[in-house]
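Let me begin by presenting the structure, written as structure tokens, before commenting on it.
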Amino acid sequence: AEAIARDLLRAEGWTILAERARTPAGELDLIAERDGLLVFVEVKARPSFRDAAYALTPRQQARLQAAAGIWLAAHPGHGAAGMRFDVILVAADGAARRITDALRAG
């Protein structure tokens with residue numbers, strides 16, 4: 001599923017900065033940048049898009065935001081045009097759908 005998501009992002013012109021980036025707060029599936037916009041991408045693979053969409057729990061969202069903060073502190077030169085969290089859902093048939101700006105801090 002992560003390879004499908006990575007290929008989707010690359011096809012849209014994103015540069016992949018990291019895959020499976022490990023931080024003390026947890027792992028970030030993909031980190032990409034395009035035109036100064038930094039995107040932390042969570043990939044969810046389930047039998048259907050609906051199942052995948054409900055797989056991101058509030059606890060996991062908090063962990064992703066904490067991990068992103070740690071990554072940003074170590075890479076301060078990225079995200080000059082801003083940052084956001086996207087989720088890429090991957091269904092059992094390999095179809096992928098991206099939800100942009102899926103998580104909001106606070």
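Here's how to read the names in the structure tokens: chain A, B, ... by the order shown, residue numbers from 1 in each chain, ligand numbers from 1 in the order shown.
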Mind checking which residues fall within 9 Å of stretch 91-102 of chain A, counting only C-alpha atoms, ignoring those fewer than 6 positions away in the same chain, and posting them as a PDB file with N, CA, C and O atoms, in the first residue's frame?
ATOM      1  N   ALA A   1       0.820  -1.198   0.000  1.00  0.00           N
ATOM      2  CA  ALA A   1       0.000   0.000   0.000  1.00  0.00           C
ATOM      3  C   ALA A   1       0.864   1.262   0.000  1.00  0.00           C
ATOM      4  O   ALA A   1       0.540   2.239  -0.677  1.00  0.00           O
ATOM      5  N   ILE A   4       2.130   1.976  -3.473  1.00  0.00           N
ATOM      6  CA  ILE A   4       1.068   2.545  -4.307  1.00  0.00           C
ATOM      7  C   ILE A   4       0.926   4.034  -3.995  1.00  0.00           C
ATOM      8  O   ILE A   4       0.844   4.873  -4.904  1.00  0.00           O
ATOM      9  N   ALA A   5       0.923   4.369  -2.713  1.00  0.00           N
ATOM     10  CA  ALA A   5       0.799   5.771  -2.301  1.00  0.00           C
ATOM     11  C   ALA A   5       2.000   6.579  -2.781  1.00  0.00           C
ATOM     12  O   ALA A   5       1.853   7.701  -3.290  1.00  0.00           O
ATOM     13  N   LEU A   8       1.718   7.228  -6.468  1.00  0.00           N
ATOM     14  CA  LEU A   8       0.679   8.222  -6.715  1.00  0.00           C
ATOM     15  C   LEU A   8       1.224   9.632  -6.496  1.00  0.00           C
ATOM     16  O   LEU A   8       1.037  10.527  -7.322  1.00  0.00           O
ATOM     17  N   VAL A  39       4.119  17.675   3.158  1.00  0.00           N
ATOM     18  CA  VAL A  39       2.967  16.835   3.453  1.00  0.00           C
ATOM     19  C   VAL A  39       3.414  15.573   4.181  1.00  0.00           C
ATOM     20  O   VAL A  39       4.309  14.865   3.727  1.00  0.00           O
ATOM     21  N   LYS A  44      -3.431   4.063   4.690  1.00  0.00           N
ATOM     22  CA  LYS A  44      -4.311   3.077   5.310  1.00  0.00           C
ATOM     23  C   LYS A  44      -4.820   2.119   4.239  1.00  0.00           C
ATOM     24  O   LYS A  44      -5.473   2.534   3.284  1.00  0.00           O
ATOM     25  N   ALA A  45      -4.508   0.843   4.406  1.00  0.00           N
ATOM     26  CA  ALA A  45      -4.964  -0.182   3.466  1.00  0.00           C
ATOM     27  C   ALA A  45      -5.964  -1.084   4.173  1.00  0.00           C
ATOM     28  O   ALA A  45      -5.690  -1.601   5.258  1.00  0.00           O
ATOM     29  N   ARG A  46      -7.116  -1.226   3.560  1.00  0.00           N
ATOM     30  CA  ARG A  46      -8.181  -2.067   4.091  1.00  0.00           C
ATOM     31  C   ARG A  46      -8.954  -2.654   2.906  1.00  0.00           C
ATOM     32  O   ARG A  46      -8.753  -2.253   1.770  1.00  0.00           O
ATOM     33  N   PRO A  47      -9.885  -3.574   3.153  1.00  0.00           N
ATOM     34  CA  PRO A  47     -10.647  -4.166   2.050  1.00  0.00           C
ATOM     35  C   PRO A  47     -11.425  -3.140   1.223  1.00  0.00           C
ATOM     36  O   PRO A  47     -11.644  -3.338   0.034  1.00  0.00           O
ATOM     37  N   SER A  48     -11.839  -2.034   1.849  1.00  0.00           N
ATOM     38  CA  SER A  48     -12.594  -1.019   1.113  1.00  0.00           C
ATOM     39  C   SER A  48     -12.135   0.367   1.555  1.00  0.00           C
ATOM     40  O   SER A  48     -11.520   0.526   2.609  1.00  0.00           O
ATOM     41  N   PHE A  49     -12.463   1.392   0.754  1.00  0.00           N
ATOM     42  CA  PHE A  49     -12.145   2.766   1.129  1.00  0.00           C
ATOM     43  C   PHE A  49     -12.824   3.133   2.451  1.00  0.00           C
ATOM     44  O   PHE A  49     -12.254   3.811   3.290  1.00  0.00           O
ATOM     45  N   ARG A  50     -14.051   2.687   2.619  1.00  0.00           N
ATOM     46  CA  ARG A  50     -14.793   3.000   3.842  1.00  0.00           C
ATOM     47  C   ARG A  50     -14.073   2.452   5.065  1.00  0.00           C
ATOM     48  O   ARG A  50     -13.901   3.160   6.060  1.00  0.00           O
ATOM     49  N   ASP A  51     -13.647   1.199   4.999  1.00  0.00           N
ATOM     50  CA  ASP A  51     -12.919   0.605   6.129  1.00  0.00           C
ATOM     51  C   ASP A  51     -11.617   1.364   6.390  1.00  0.00           C
ATOM     52  O   ASP A  51     -11.253   1.603   7.537  1.00  0.00           O
ATOM     53  N   ALA A  52     -10.928   1.726   5.336  1.00  0.00           N
ATOM     54  CA  ALA A  52      -9.659   2.442   5.480  1.00  0.00           C
ATOM     55  C   ALA A  52      -9.872   3.822   6.097  1.00  0.00           C
ATOM     56  O   ALA A  52      -9.091   4.271   6.938  1.00  0.00           O
ATOM     57  N   MET A  83       2.513  23.305   5.668  1.00  0.00           N
ATOM     58  CA  MET A  83       2.481  21.849   5.823  1.00  0.00           C
ATOM     59  C   MET A  83       1.052  21.401   6.063  1.00  0.00           C
ATOM     60  O   MET A  83       0.199  22.193   6.446  1.00  0.00           O
ATOM     61  N   ARG A  84       0.831  20.112   5.805  1.00  0.00           N
ATOM     62  CA  ARG A  84      -0.483  19.534   6.063  1.00  0.00           C
ATOM     63  C   ARG A  84      -0.319  18.024   6.233  1.00  0.00           C
ATOM     64  O   ARG A  84       0.744  17.458   5.958  1.00  0.00           O
ATOM     65  N   PHE A  85      -1.403  17.409   6.669  1.00  0.00           N
ATOM     66  CA  PHE A  85      -1.463  15.958   6.815  1.00  0.00           C
ATOM     67  C   PHE A  85      -2.464  15.426   5.794  1.00  0.00           C
ATOM     68  O   PHE A  85      -3.610  15.874   5.753  1.00  0.00           O
TER      69      PHE A  85
END
Residue contacts of stretch 17-31 of chain A (8 Å, only C-alpha atoms) excluding same-chain residues fewer than 6 positions away, as an mmCIF file with all heavy atoms, in the first residue's frame:
data_model
loop_
_atom_site.group_PDB
_atom_site.id
_atom_site.type_symbol
_atom_site.label_atom_id
_atom_site.label_comp_id
_atom_site.auth_asym_id
_atom_site.auth_seq_id
_atom_site.Cartn_x
_atom_site.Cartn_y
_atom_site.Cartn_z
ATOM 1 N N GLU A 2 1.949 1.242 0.748
ATOM 2 C CA GLU A 2 2.817 2.428 0.782
ATOM 3 C C GLU A 2 3.479 2.663 -0.566
ATOM 4 O O GLU A 2 3.668 3.810 -0.976
ATOM 5 C CB GLU A 2 3.841 2.300 1.901
ATOM 6 C CG GLU A 2 3.199 2.465 3.267
ATOM 7 C CD GLU A 2 4.148 2.239 4.424
ATOM 8 O OE1 GLU A 2 5.358 2.048 4.206
ATOM 9 O OE2 GLU A 2 3.661 2.248 5.570
ATOM 10 N N ARG A 6 3.190 6.039 -2.625
ATOM 11 C CA ARG A 6 4.413 6.728 -3.072
ATOM 12 C C ARG A 6 4.361 6.991 -4.570
ATOM 13 O O ARG A 6 4.644 8.101 -5.033
ATOM 14 C CB ARG A 6 5.636 5.874 -2.726
ATOM 15 C CG ARG A 6 6.962 6.498 -3.153
ATOM 16 C CD ARG A 6 8.108 5.514 -3.078
ATOM 17 N NE ARG A 6 7.855 4.416 -3.991
ATOM 18 C CZ ARG A 6 7.942 3.131 -3.667
ATOM 19 N NH1 ARG A 6 8.274 2.756 -2.457
ATOM 20 N NH2 ARG A 6 7.690 2.204 -4.566
ATOM 21 N N LEU A 38 4.986 21.006 2.494
ATOM 22 C CA LEU A 38 5.387 19.748 3.109
ATOM 23 C C LEU A 38 4.136 18.963 3.501
ATOM 24 O O LEU A 38 3.216 19.519 4.098
ATOM 25 C CB LEU A 38 6.224 20.034 4.361
ATOM 26 C CG LEU A 38 6.812 18.841 5.087
ATOM 27 C CD1 LEU A 38 7.853 18.142 4.219
ATOM 28 C CD2 LEU A 38 7.455 19.301 6.393
ATOM 29 N N VAL A 39 4.119 17.675 3.158
ATOM 30 C CA VAL A 39 2.967 16.835 3.453
ATOM 31 C C VAL A 39 3.414 15.573 4.181
ATOM 32 O O VAL A 39 4.309 14.865 3.727
ATOM 33 C CB VAL A 39 2.212 16.443 2.156
ATOM 34 C CG1 VAL A 39 1.055 15.522 2.466
ATOM 35 C CG2 VAL A 39 1.710 17.677 1.444
ATOM 36 N N PHE A 40 2.788 15.338 5.329
ATOM 37 C CA PHE A 40 2.968 14.088 6.057
ATOM 38 C C PHE A 40 1.801 13.201 5.648
ATOM 39 O O PHE A 40 0.637 13.604 5.767
ATOM 40 C CB PHE A 40 2.956 14.334 7.568
ATOM 41 C CG PHE A 40 4.102 15.185 8.021
ATOM 42 C CD1 PHE A 40 3.942 16.548 8.200
ATOM 43 C CD2 PHE A 40 5.348 14.629 8.243
ATOM 44 C CE1 PHE A 40 4.989 17.351 8.603
ATOM 45 C CE2 PHE A 40 6.415 15.417 8.645
ATOM 46 C CZ PHE A 40 6.242 16.786 8.831
ATOM 47 N N VAL A 41 2.111 12.010 5.149
ATOM 48 C CA VAL A 41 1.079 11.147 4.577
ATOM 49 C C VAL A 41 0.959 9.858 5.383
ATOM 50 O O VAL A 41 1.941 9.133 5.556
ATOM 51 C CB VAL A 41 1.399 10.805 3.099
ATOM 52 C CG1 VAL A 41 0.315 9.917 2.511
ATOM 53 C CG2 VAL A 41 1.573 12.078 2.277
ATOM 54 N N GLU A 42 -0.246 9.598 5.841
ATOM 55 C CA GLU A 42 -0.565 8.331 6.491
ATOM 56 C C GLU A 42 -1.252 7.455 5.455
ATOM 57 O O GLU A 42 -2.162 7.907 4.751
ATOM 58 C CB GLU A 42 -1.474 8.559 7.697
ATOM 59 C CG GLU A 42 -1.882 7.301 8.416
ATOM 60 C CD GLU A 42 -0.741 6.593 9.145
ATOM 61 O OE1 GLU A 42 0.372 7.148 9.257
ATOM 62 O OE2 GLU A 42 -0.963 5.462 9.599
ATOM 63 N N VAL A 43 -0.808 6.221 5.341
ATOM 64 C CA VAL A 43 -1.373 5.287 4.369
ATOM 65 C C VAL A 43 -2.191 4.249 5.128
ATOM 66 O O VAL A 43 -1.702 3.641 6.090
ATOM 67 C CB VAL A 43 -0.261 4.599 3.542
ATOM 68 C CG1 VAL A 43 -0.861 3.617 2.542
ATOM 69 C CG2 VAL A 43 0.611 5.636 2.850
ATOM 70 N N ARG A 63 -0.575 10.887 17.682
ATOM 71 C CA ARG A 63 0.769 10.341 17.514
ATOM 72 C C ARG A 63 1.414 10.868 16.238
ATOM 73 O O ARG A 63 2.586 11.240 16.230
ATOM 74 C CB ARG A 63 0.709 8.802 17.475
ATOM 75 C CG ARG A 63 2.079 8.157 17.290
ATOM 76 C CD ARG A 63 1.979 6.665 16.994
ATOM 77 N NE ARG A 63 1.181 6.329 15.830
ATOM 78 C CZ ARG A 63 1.587 6.457 14.556
ATOM 79 N NH1 ARG A 63 2.771 6.950 14.278
ATOM 80 N NH2 ARG A 63 0.801 6.094 13.566
ATOM 81 N N LEU A 64 0.646 10.929 15.149
ATOM 82 C CA LEU A 64 1.176 11.445 13.884
ATOM 83 C C LEU A 64 1.589 12.910 14.011
ATOM 84 O O LEU A 64 2.645 13.311 13.505
ATOM 85 C CB LEU A 64 0.133 11.301 12.776
ATOM 86 C CG LEU A 64 -0.176 9.888 12.318
ATOM 87 C CD1 LEU A 64 -1.389 9.883 11.389
ATOM 88 C CD2 LEU A 64 1.023 9.277 11.627
ATOM 89 N N ALA A 66 2.517 14.456 16.745
ATOM 90 C CA ALA A 66 3.721 14.510 17.570
ATOM 91 C C ALA A 66 4.951 14.083 16.771
ATOM 92 O O ALA A 66 6.008 14.723 16.847
ATOM 93 C CB ALA A 66 3.550 13.630 18.804
ATOM 94 N N ALA A 67 4.819 13.026 15.989
ATOM 95 C CA ALA A 67 5.940 12.554 15.167
ATOM 96 C C ALA A 67 6.337 13.604 14.139
ATOM 97 O O ALA A 67 7.519 13.822 13.887
ATOM 98 C CB ALA A 67 5.566 11.240 14.484
ATOM 99 N N ALA A 68 5.342 14.276 13.551
ATOM 100 C CA ALA A 68 5.631 15.328 12.574
ATOM 101 C C ALA A 68 6.392 16.476 13.220
ATOM 102 O O ALA A 68 7.323 17.034 12.624
ATOM 103 C CB ALA A 68 4.342 15.829 11.945
ATOM 104 N N ILE A 70 8.435 16.316 15.733
ATOM 105 C CA ILE A 70 9.814 15.856 15.941
ATOM 106 C C ILE A 70 10.578 15.894 14.619
ATOM 107 O O ILE A 70 11.726 16.357 14.564
ATOM 108 C CB ILE A 70 9.823 14.436 16.550
ATOM 109 C CG1 ILE A 70 9.270 14.491 17.984
ATOM 110 C CG2 ILE A 70 11.221 13.833 16.508
ATOM 111 C CD1 ILE A 70 8.954 13.131 18.574
ATOM 112 N N TRP A 71 9.948 15.425 13.547
ATOM 113 C CA TRP A 71 10.619 15.423 12.240
ATOM 114 C C TRP A 71 10.922 16.851 11.796
ATOM 115 O O TRP A 71 12.013 17.137 11.307
ATOM 116 C CB TRP A 71 9.768 14.692 11.203
ATOM 117 C CG TRP A 71 10.531 14.386 9.954
ATOM 118 C CD1 TRP A 71 11.260 13.263 9.689
ATOM 119 C CD2 TRP A 71 10.673 15.230 8.799
ATOM 120 N NE1 TRP A 71 11.838 13.354 8.447
ATOM 121 C CE2 TRP A 71 11.500 14.550 7.876
ATOM 122 C CE3 TRP A 71 10.195 16.479 8.457
ATOM 123 C CZ2 TRP A 71 11.842 15.081 6.647
ATOM 124 C CZ3 TRP A 71 10.544 17.027 7.218
ATOM 125 C CH2 TRP A 71 11.356 16.324 6.333
#
* **Which of chain A fall in strand (DSSP E), as JSON, numbers by chain** => {"A": [15, 16, 17, 18, 19, 20, 21, 22, 23, 26, 27, 28, 29, 30, 31, 32, 33, 34, 37, 38, 39, 40, 41, 42, 43, 44, 45, 82, 83, 84, 85, 86, 87, 88, 89, 90, 96, 97, 98, 99]}
